[in-house]
$ cat work_16.tsv   # TSV, C-alpha atoms
chain	number	residue	atom	x	y	z
A	198	MET	CA	-28.68	4.97	15.90
A	199	GLU	CA	-28.81	6.38	19.45
A	200	ALA	CA	-28.70	2.84	20.78
A	201	TYR	CA	-25.51	2.14	18.85
A	202	MET	CA	-23.95	5.42	19.99
A	203	ASP	CA	-24.80	4.60	23.60
A	204	ARG	CA	-23.04	1.25	23.23
A	205	GLY	CA	-19.82	2.88	22.02
A	206	PRO	CA	-17.95	2.92	25.35
A	207	ALA	CA	-18.94	-0.68	26.04
A	208	LEU	CA	-17.80	-1.80	22.60
A	209	ASP	CA	-14.33	-0.34	23.17
A	210	GLY	CA	-13.52	-3.07	25.63
A	211	ARG	CA	-15.18	-5.92	23.76
A	212	ILE	CA	-13.67	-5.57	20.28
A	213	LYS	CA	-10.23	-7.15	20.21
A	214	LEU	CA	-7.61	-6.51	17.54
A	215	ARG	CA	-7.00	-10.25	17.31
A	216	ASP	CA	-10.67	-10.85	16.50
A	217	LEU	CA	-10.60	-8.10	13.85
A	218	HIS	CA	-7.56	-9.76	12.30
A	219	VAL	CA	-9.40	-13.08	12.22
A	220	LEU	CA	-12.38	-11.40	10.51
A	221	GLN	CA	-10.08	-9.80	7.93
A	222	THR	CA	-8.43	-13.13	7.16
A	223	ALA	CA	-11.75	-14.97	6.83
A	224	ALA	CA	-13.07	-12.27	4.48
A	225	GLN	CA	-9.89	-12.33	2.38
A	226	THR	CA	-9.73	-16.12	2.09
A	227	GLY	CA	-13.49	-16.62	1.79
A	228	SER	CA	-13.41	-19.60	4.12
A	229	MET	CA	-13.27	-20.29	7.86
A	230	ALA	CA	-11.06	-23.32	7.21
A	231	LYS	CA	-8.63	-21.38	5.01
A	232	ALA	CA	-8.50	-18.59	7.59
A	233	ALA	CA	-7.68	-21.11	10.30
A	234	ALA	CA	-4.88	-22.62	8.19
A	235	HIS	CA	-3.48	-19.20	7.37
A	236	LEU	CA	-3.52	-18.08	11.01
A	237	ALA	CA	-2.30	-21.46	12.31
A	238	ILE	CA	-5.26	-21.81	14.69
A	239	THR	CA	-8.24	-24.15	14.78
A	240	GLN	CA	-11.41	-23.56	12.78
A	241	PRO	CA	-13.53	-23.43	15.98
A	242	ALA	CA	-11.22	-20.64	17.21
A	243	VAL	CA	-11.93	-18.68	14.01
A	244	SER	CA	-15.68	-19.20	14.39
A	245	TYR	CA	-15.56	-18.20	18.05
A	246	ALA	CA	-13.63	-14.97	17.34
A	247	ILE	CA	-16.07	-13.89	14.66
A	248	SER	CA	-19.08	-14.82	16.81
A	249	GLU	CA	-17.64	-12.68	19.61
A	250	LEU	CA	-17.37	-9.74	17.22
A	251	GLU	CA	-20.92	-10.25	15.94
A	252	HIS	CA	-22.21	-10.43	19.49
A	253	ALA	CA	-20.33	-7.23	20.38
A	254	VAL	CA	-21.73	-5.17	17.50
A	255	GLY	CA	-25.11	-6.87	17.43
A	256	VAL	CA	-25.25	-7.55	13.68
A	257	PRO	CA	-24.07	-10.38	11.38
A	258	LEU	CA	-20.66	-9.66	9.84
A	259	LEU	CA	-20.36	-12.67	7.52
A	260	GLU	CA	-22.77	-14.52	5.26
A	261	ARG	CA	-22.12	-18.24	5.70
A	262	SER	CA	-22.89	-20.81	3.00
A	263	SER	CA	-21.61	-24.14	1.73
A	264	GLN	CA	-19.37	-22.18	-0.68
A	265	GLY	CA	-17.69	-20.25	2.13
A	266	VAL	CA	-18.12	-16.83	3.75
A	267	THR	CA	-18.59	-13.31	2.41
A	268	PRO	CA	-18.87	-10.04	4.37
A	269	THR	CA	-22.29	-8.56	4.95
A	270	VAL	CA	-22.87	-4.84	4.48
A	271	TYR	CA	-22.06	-4.49	8.21
A	272	GLY	CA	-18.95	-6.62	7.81
A	273	ARG	CA	-17.69	-4.51	4.91
A	274	ALA	CA	-18.13	-1.34	6.95
A	275	LEU	CA	-16.20	-2.79	9.90
A	276	LEU	CA	-13.48	-4.22	7.63
A	277	GLU	CA	-12.95	-0.87	5.93
A	278	ARG	CA	-12.45	0.88	9.27
A	279	SER	CA	-10.39	-1.90	10.77
A	280	ALA	CA	-7.97	-1.67	7.83
A	281	ILE	CA	-7.35	1.95	8.86
A	282	VAL	CA	-6.76	0.82	12.45
A	283	PHE	CA	-4.13	-1.73	11.44
A	284	ASN	CA	-2.46	0.70	9.05
A	285	GLU	CA	-2.23	3.28	11.82
A	286	LEU	CA	-0.72	0.70	14.16
A	287	ARG	CA	1.92	-0.16	11.54
A	288	HIS	CA	2.55	3.55	11.12
A	289	GLY	CA	3.00	3.92	14.88
A	290	ILE	CA	5.41	0.99	15.12
A	291	SER	CA	7.43	2.34	12.22
A	292	GLU	CA	7.55	5.76	13.89
A	293	ILE	CA	8.75	4.21	17.15
A	294	ALA	CA	11.52	2.42	15.23
A	295	SER	CA	12.48	5.70	13.57
A	296	LEU	CA	12.55	7.54	16.89
A	297	ALA	CA	14.76	4.84	18.36
A	298	ASP	CA	17.03	4.90	15.32
A	299	PRO	CA	16.51	7.82	12.89
A	300	GLU	CA	18.18	5.88	10.09
A	301	VAL	CA	15.57	3.09	10.19
A	302	GLY	CA	12.00	3.39	8.99
A	303	GLU	CA	9.50	2.64	6.25
A	304	LEU	CA	7.55	5.06	4.07
A	305	ARG	CA	4.59	4.21	1.90
A	306	ILE	CA	4.22	6.87	-0.77
A	307	GLY	CA	1.86	7.27	-3.71
A	308	THR	CA	2.59	9.10	-6.96
A	309	THR	CA	0.99	9.53	-10.33
A	310	PRO	CA	2.98	7.91	-13.18
A	311	PRO	CA	4.70	11.16	-14.28
A	312	MET	CA	5.69	12.08	-10.72
A	313	SER	CA	7.20	8.66	-10.01
A	314	ALA	CA	10.37	10.13	-11.55
A	315	VAL	CA	10.46	12.72	-8.75
A	316	ALA	CA	9.95	10.08	-6.05
A	317	SER	CA	12.66	7.87	-7.59
A	318	ALA	CA	15.12	10.77	-7.60
A	319	VAL	CA	14.46	11.34	-3.89
A	320	PHE	CA	15.02	7.64	-3.16
A	321	ASN	CA	18.35	7.87	-4.96
A	322	ARG	CA	19.36	10.74	-2.67
A	323	LEU	CA	18.24	9.10	0.57
A	324	VAL	CA	19.24	5.46	0.23
A	325	PRO	CA	23.04	6.01	0.10
A	326	ARG	CA	22.79	8.03	3.32
A	327	TYR	CA	20.19	5.82	5.04
A	328	PRO	CA	20.62	2.31	3.62
A	329	ARG	CA	18.30	0.70	6.18
A	330	MET	CA	15.28	2.79	5.21
A	331	ARG	CA	12.56	1.07	3.19
A	332	PHE	CA	10.15	2.61	0.68
A	333	ASP	CA	6.90	1.23	-0.71
A	334	LEU	CA	5.96	3.11	-3.89
A	335	THR	CA	2.41	2.96	-5.27
A	336	VAL	CA	1.82	4.44	-8.73
A	337	GLY	CA	-1.69	5.25	-9.89
A	338	PRO	CA	-4.24	7.94	-10.79
A	339	THR	CA	-4.80	10.79	-8.35
A	340	ASP	CA	-8.31	9.78	-7.28
A	341	VAL	CA	-7.13	6.27	-6.37
A	342	LEU	CA	-4.10	7.61	-4.49
A	343	LEU	CA	-6.22	10.03	-2.45
A	344	ARG	CA	-8.53	7.17	-1.48
A	345	GLN	CA	-5.51	5.14	-0.38
A	346	LEU	CA	-4.24	8.17	1.55
A	347	ARG	CA	-7.51	8.40	3.47
A	348	GLN	CA	-7.40	4.65	4.14
A	349	ARG	CA	-3.83	5.07	5.48
A	350	ASP	CA	-2.49	2.73	2.81
A	351	VAL	CA	-0.02	5.47	1.85
A	352	GLU	CA	1.30	8.32	3.99
A	353	ILE	CA	1.97	11.01	1.39
A	354	VAL	CA	1.09	11.56	-2.26
A	355	ILE	CA	2.86	13.49	-5.02
A	356	SER	CA	0.47	14.62	-7.74
A	357	ARG	CA	-0.58	17.46	-9.99
A	358	LEU	CA	-3.08	19.47	-7.97
A	359	ALA	CA	-6.62	19.80	-9.24
A	360	SER	CA	-9.39	21.63	-7.41
A	361	MET	CA	-9.20	20.88	-3.69
A	362	ALA	CA	-12.90	21.55	-3.18
A	363	GLY	CA	-14.31	18.88	-0.89
A	364	ASN	CA	-10.83	17.90	0.27
A	365	ASP	CA	-10.72	19.90	3.48
A	366	ASP	CA	-9.17	16.93	5.27
A	367	LEU	CA	-6.01	17.19	3.17
A	368	SER	CA	-2.84	19.21	3.70
A	369	VAL	CA	-1.16	20.40	0.50
A	370	GLU	CA	2.24	21.94	-0.11
A	371	THR	CA	3.11	23.13	-3.62
A	372	LEU	CA	6.50	21.79	-4.71
A	373	PHE	CA	6.83	23.36	-8.15
A	374	ARG	CA	4.84	24.24	-11.24
A	375	ASP	CA	5.12	22.04	-14.28
A	376	GLU	CA	3.84	22.09	-17.84
A	377	LEU	CA	2.98	19.49	-20.42
A	378	VAL	CA	5.32	19.00	-23.36
A	379	VAL	CA	5.10	17.09	-26.62
A	380	LEU	CA	7.63	14.25	-26.48
A	381	CYS	CA	9.55	12.70	-29.34
A	382	SER	CA	12.65	10.55	-29.80
A	383	LYS	CA	15.97	12.40	-29.89
A	384	HIS	CA	16.37	10.83	-33.35
A	385	SER	CA	13.02	12.13	-34.61
A	386	LYS	CA	12.79	14.83	-37.28
A	387	TRP	CA	10.75	16.86	-34.78
A	388	ALA	CA	13.68	16.96	-32.36
A	389	ARG	CA	15.64	19.08	-34.88
A	390	ARG	CA	12.83	21.46	-35.81
A	391	ARG	CA	12.30	24.84	-34.16
A	392	ASN	CA	9.12	26.86	-33.65
A	393	VAL	CA	6.88	23.93	-34.52
A	394	SER	CA	3.16	24.68	-34.61
A	395	LEU	CA	0.78	22.31	-32.88
A	396	ALA	CA	-1.23	22.03	-36.10
A	397	GLU	CA	1.77	20.36	-37.81
A	398	LEU	CA	1.67	17.52	-35.29
A	399	VAL	CA	-2.02	16.60	-35.30
A	400	GLY	CA	-1.70	13.98	-38.05
A	401	GLU	CA	1.34	12.21	-36.53
A	402	PRO	CA	1.07	8.83	-34.73
A	403	TRP	CA	0.40	9.53	-31.03
A	404	VAL	CA	0.68	7.62	-27.77
A	405	LEU	CA	-2.01	9.07	-25.51
A	406	PRO	CA	-3.59	8.25	-22.12
A	407	PRO	CA	-7.13	6.85	-21.90
A	408	PRO	CA	-9.95	9.34	-22.65
A	409	THR	CA	-10.91	9.35	-18.96
A	410	GLY	CA	-7.34	10.02	-17.80
A	411	PHE	CA	-6.67	12.97	-15.51
A	412	LEU	CA	-4.29	14.69	-17.97
A	413	THR	CA	-6.43	14.03	-21.05
A	414	GLY	CA	-8.75	16.95	-20.34
A	415	ILE	CA	-5.76	19.29	-20.01
A	416	MET	CA	-4.28	17.98	-23.26
A	417	ARG	CA	-7.59	18.35	-25.10
A	418	SER	CA	-7.95	21.94	-23.90
A	419	ALA	CA	-4.48	22.79	-25.25
A	420	PHE	CA	-5.52	21.74	-28.74
A	421	GLU	CA	-8.93	23.37	-28.53
A	422	ALA	CA	-7.33	26.65	-27.41
A	423	GLN	CA	-5.59	26.73	-30.81
A	424	GLY	CA	-8.74	25.73	-32.71
A	425	LEU	CA	-7.51	22.20	-33.36
A	426	ALA	CA	-9.16	18.81	-33.06
A	427	PHE	CA	-7.60	16.48	-30.51
A	428	PRO	CA	-5.39	13.94	-32.33
A	429	ARG	CA	-6.40	10.31	-32.71
A	430	ALA	CA	-4.45	7.92	-30.48
A	431	THR	CA	-2.53	5.25	-32.36
A	432	VAL	CA	-1.69	3.66	-28.99
A	433	THR	CA	-3.64	4.26	-25.80
A	434	THR	CA	-1.88	3.57	-22.50
A	435	SER	CA	-1.61	5.01	-19.00
A	436	CYS	CA	1.80	3.36	-18.52
A	437	THR	CA	4.66	5.85	-18.48
A	438	TYR	CA	7.19	3.13	-19.23
A	439	SER	CA	5.29	2.01	-22.36
A	440	LEU	CA	5.03	5.60	-23.52
A	441	SER	CA	8.77	6.18	-23.06
A	442	VAL	CA	9.66	3.00	-24.99
A	443	LEU	CA	7.27	3.69	-27.87
A	444	VAL	CA	8.26	7.33	-28.24
A	445	GLY	CA	11.97	6.84	-27.53
A	446	ASN	CA	12.42	4.01	-30.02
A	447	GLY	CA	10.02	4.99	-32.78
A	448	ASN	CA	8.18	7.71	-34.62
A	449	PHE	CA	5.45	8.22	-32.05
A	450	LEU	CA	4.68	11.49	-30.28
A	451	GLY	CA	3.37	11.73	-26.73
A	452	ILE	CA	2.38	14.38	-24.22
A	453	HIS	CA	3.69	14.26	-20.68
A	454	PRO	CA	4.76	16.57	-17.84
A	455	ARG	CA	8.16	18.19	-18.42
A	456	ALA	CA	9.39	16.69	-15.12
A	457	MET	CA	9.67	13.38	-16.95
A	458	LEU	CA	12.53	14.90	-18.98
A	459	THR	CA	14.20	17.10	-16.41
A	460	THR	CA	14.33	14.82	-13.36
A	461	PRO	CA	17.92	13.51	-13.28
A	462	ASN	CA	18.76	10.23	-15.06
A	463	GLU	CA	15.27	9.69	-16.44
A	464	HIS	CA	14.35	8.72	-20.06
A	465	PRO	CA	17.57	9.66	-21.89
A	466	GLN	CA	16.08	8.80	-25.33
A	467	LEU	CA	13.34	11.43	-25.10
A	468	THR	CA	13.26	15.13	-25.78
A	469	ALA	CA	10.62	17.84	-26.10
A	470	VAL	CA	9.35	19.14	-29.42
A	471	ASP	CA	9.78	22.91	-29.70
A	472	VAL	CA	6.07	23.63	-29.58
A	473	ARG	CA	4.26	25.69	-26.95
A	474	LEU	CA	1.41	24.42	-24.79
A	475	PRO	CA	0.83	27.57	-22.68
A	476	THR	CA	-2.46	26.42	-21.14
A	477	THR	CA	-0.99	23.33	-19.48
A	478	HIS	CA	0.93	24.82	-16.55
A	479	GLY	CA	-0.13	23.37	-13.20
A	480	ALA	CA	1.05	22.97	-9.62
A	481	ILE	CA	2.65	19.75	-8.41
A	482	GLY	CA	2.10	19.16	-4.71
A	483	LEU	CA	2.85	16.97	-1.73
A	484	ILE	CA	-0.42	15.83	-0.16
A	485	ALA	CA	-1.01	14.40	3.33
A	486	LEU	CA	-3.83	14.08	5.84
A	487	LYS	CA	-4.31	17.13	8.06
A	488	ASP	CA	-5.10	15.10	11.18
A	489	ARG	CA	-2.15	12.73	10.83
A	490	SER	CA	1.35	13.73	11.88
A	491	LEU	CA	4.07	12.72	9.44
A	492	SER	CA	6.48	9.99	10.48
A	493	PRO	CA	10.19	10.89	10.77
A	494	VAL	CA	10.89	9.12	7.45
A	495	ALA	CA	8.09	11.04	5.72
A	496	LYS	CA	9.43	14.34	7.07
A	497	LEU	CA	12.90	13.47	5.81
A	498	PHE	CA	11.48	12.53	2.41
A	499	ALA	CA	9.55	15.81	2.22
A	500	GLN	CA	12.65	17.81	3.10
A	501	SER	CA	14.62	15.93	0.43
A	502	VAL	CA	12.15	16.76	-2.34
A	503	ALA	CA	13.30	20.40	-2.53
A	504	PRO	CA	16.87	19.67	-3.80
A	505	VAL	CA	15.43	17.34	-6.45
A	506	VAL	CA	12.90	19.96	-7.52
A	507	GLN	CA	15.71	22.48	-7.98
A	508	ASP	CA	17.03	20.29	-10.81
A	509	ILE	CA	13.70	20.48	-12.65
A	510	LYS	CA	13.86	23.28	-15.21
A	511	PRO	CA	12.71	25.92	-15.64
A	512	LYS	CA	13.78	26.45	-12.05
A	513	ARG	CA	11.04	27.67	-9.80
A	514	THR	CA	10.67	28.30	-6.12
A	515	SER	CA	9.77	25.10	-4.33
A	516	SER	CA	8.99	24.21	-0.77
A	517	ALA	CA	8.98	20.96	1.10
A	518	MET	CA	6.28	20.03	3.55
A	519	ARG	CA	7.16	20.63	7.16
A	520	ARG	CA	5.28	19.37	10.16
$ encode --input "work_16.tsv" --output "structure tokens"
Amino acid sequence: MEAYMDRGPALDGRIKLRDLHVLQTAAQTGSMAKAAAHLAITQPAVSYAISELEHAVGVPLLERSSQGVTPTVYGRALLERSAIVFNELRHGISEIASLADPEVGELRIGTTPPMSAVASAVFNRLVPRYPRMRFDLTVGPTDVLLRQLRQRDVEIVISRLASMAGNDDLSVETLFRDELVVLCSKHSKWARRRNVSLAELVGEPWVLPPPTGFLTGIMRSAFEAQGLAFPRATVTTSCTYSLSVLVGNGNFLGIHPRAMLTTPNEHPQLTAVDVRLPTTHGAIGLIALKDRSLSPVAKLFAQSVAPVVQDIKPKRTSSAMRR
């Protein structure tokens, strides 16, 4: 280990970004020949670049066989870190473009499925004013989004906040507090009822997230707090769109954050059943890396979240992230 640490300064000058890009391409295509074709260079040039890298770090980076090439354990480690390097370079170039012209820039943002409605509402506010801005929206579970945040695949994340223990590298700003609601179609009998008890709904057909889903534990606790068994899922899906179609056009019930209903122009066929889930309140936050300054586009996005949040009822104090 000390020997590798001592070689650090020397490696700085011997590892070239071009060679890292060649290694990435070879690993992705699984073939030196395919990498050469993709990069529009010769196969010997690909082999030479990777050999130079292997010589610089002193370990084999690719396993070579008649079937092609695969990264070694050393290669996977270098590829993981080099992906961060290239993502940071793209971030820097985008920031330079934004500094040169504040109305130009690209933002890669991650949200959980329920909070994609919030992100979409912000896009609708920004694009008419800044038509040359570009947004790359990734929707997924919180744990996946935080991994992508650390890998610099996304710049900010909007998600319900769980325990931040072990996440000291993250910066969090609370936007608003939301609760879970039972959803039904506006044409459902439950839409017209008042003071519905949760027990009345247990035997209805439900659309629920997978048992391992982030919100499932919160949902289960809401039923258990009232001494009820968690309902059986007639349909299991983590897709917000599928949930909205099934509930909005049929007799299904679902559970989802209230923001899905109150964010402007979202899911007009859905409404909330008049039943209380008092244990489901939670903070929704904007998450970024502490050691990474936000790009101008990300700052503008963060500032634009607050007006959108004000439309989410019940109205609560919200704050946008400032850097």
$ residues_around --input "work_16.tsv" --residues "Asn448 in chain A" --least-positions-apart "2" --cutoff "12 Å" --atoms "all atoms listed in the file" --output "VMD selection string"
chain A and resid 380 to 388 398 401 to 404 431 440 to 446 450 to 451 467
$ atom_distance --input "work_16.tsv" --atom1 "CA of Leu425 in chain A" --atom2 "CA of Arg357 in chain A"
24.8 Å
$ closest_residue --input "work_16.tsv" --among "A:Ile481, A:Leu405, A:Leu497, A:Val336" --to "Arg429 in chain A" --atoms "only C-alpha atoms"
A:Leu405
$ atom_distance --input "work_16.tsv" --atom1 "CA of Gln345 in chain A" --atom2 "CA of Arg322 in chain A"
25.6 Å
$ closest_residue --input "work_16.tsv" --among "A:Leu377, A:Met416, A:Cys436, A:Val393" --to "Pro338 in chain A" --atoms "all atoms listed in the file"
A:Cys436
$ closest_atom_pairs --input "work_16.tsv" --of "range 229-252 of chain A" --to "range 269-273 of chain A" --cutoff "12 Å" --atoms "all atoms listed in the file" --output "tab-separated table"
residue	atom	partner	partner_atom	distance
A:Ile247	CA	A:Gly272	CA	10.4
A:Leu250	CA	A:Gly272	CA	10.0
A:Glu251	CA	A:Gly272	CA	9.1
$ write_last_selection --input "work_16.tsv" --atoms "C-alpha atoms" --output "PDB file, in the coordinates of the input"
ATOM      1  CA  ILE A 247     -16.070 -13.890  14.660  1.00  0.00           C
ATOM      2  CA  LEU A 250     -17.370  -9.740  17.220  1.00  0.00           C
ATOM      3  CA  GLU A 251     -20.920 -10.250  15.940  1.00  0.00           C
TER       4      GLU A 251
END
$ closest_residue --input "work_16.tsv" --among "A:Arg261, A:Arg349, A:Arg374, A:Arg473" --to "Gly289 in chain A" --atoms "all atoms listed in the file"
A:Arg349
$ residues_around --input "work_16.tsv" --residues "Pro475 in chain A" --least-positions-apart "2" --cutoff "10 Å" --atoms "only C-alpha atoms" --output "MDAnalysis selection string"
chainID A and resid 376:378 419 422 472:473 477:478
$ closest_residue --input "work_16.tsv" --among "A:Val301, A:Ile306, A:Leu217, A:Leu458" --to "Val324 in chain A" --atoms "all atoms listed in the file"
A:Val301
$ residues_around --input "work_16.tsv" --residues "Glu421 in chain A" --least-positions-apart "4" --cutoff "12 Å" --atoms "only C-alpha atoms" --output "count of residues only"
13
$ residues_around --input "work_16.tsv" --residues "Thr308 in chain A" --least-positions-apart "5" --cutoff "10 Å" --atoms "all atoms listed in the file" --output "mmCIF file with C-alpha atoms, in the coordinates of the input"
data_model
loop_
_atom_site.group_PDB
_atom_site.id
_atom_site.type_symbol
_atom_site.label_atom_id
_atom_site.label_comp_id
_atom_site.auth_asym_id
_atom_site.auth_seq_id
_atom_site.Cartn_x
_atom_site.Cartn_y
_atom_site.Cartn_z
ATOM 1 C CA SER A 313 7.200 8.660 -10.010
ATOM 2 C CA ALA A 314 10.370 10.130 -11.550
ATOM 3 C CA VAL A 315 10.460 12.720 -8.750
ATOM 4 C CA ALA A 316 9.950 10.080 -6.050
ATOM 5 C CA LEU A 334 5.960 3.110 -3.890
ATOM 6 C CA THR A 335 2.410 2.960 -5.270
ATOM 7 C CA VAL A 336 1.820 4.440 -8.730
ATOM 8 C CA GLY A 337 -1.690 5.250 -9.890
ATOM 9 C CA PRO A 338 -4.240 7.940 -10.790
ATOM 10 C CA THR A 339 -4.800 10.790 -8.350
ATOM 11 C CA LEU A 342 -4.100 7.610 -4.490
ATOM 12 C CA LEU A 343 -6.220 10.030 -2.450
ATOM 13 C CA VAL A 351 -0.020 5.470 1.850
ATOM 14 C CA ILE A 353 1.970 11.010 1.390
ATOM 15 C CA VAL A 354 1.090 11.560 -2.260
ATOM 16 C CA ILE A 355 2.860 13.490 -5.020
ATOM 17 C CA SER A 356 0.470 14.620 -7.740
ATOM 18 C CA ARG A 357 -0.580 17.460 -9.990
ATOM 19 C CA LEU A 483 2.850 16.970 -1.730
#
$ residues_around --input "work_16.tsv" --residues "Gly265 in chain A" --least-positions-apart "4" --cutoff "12 Å" --atoms "all atoms listed in the file" --output "list in words"
Ala223, Ala224, Gln225, Thr226, Gly227, Ser228, Met229, Ala230, Lys231, Ala232, Leu259, Glu260 and Arg261 of chain A
$ closest_residue --input "work_16.tsv" --among "A:Arg305, A:His252, A:Arg287, A:Arg278" --to "Met330 in chain A" --atoms "all atoms listed in the file"
A:Arg305
$ atom_distance --input "work_16.tsv" --atom1 "CA of Gly447 in chain A" --atom2 "CA of Ser394 in chain A"
20.9 Å
$ closest_residue --input "work_16.tsv" --among "A:Ile212, A:Ala242, A:Ala318, A:Ala456" --to "Gly255 in chain A" --atoms "all atoms listed in the file"
A:Ile212
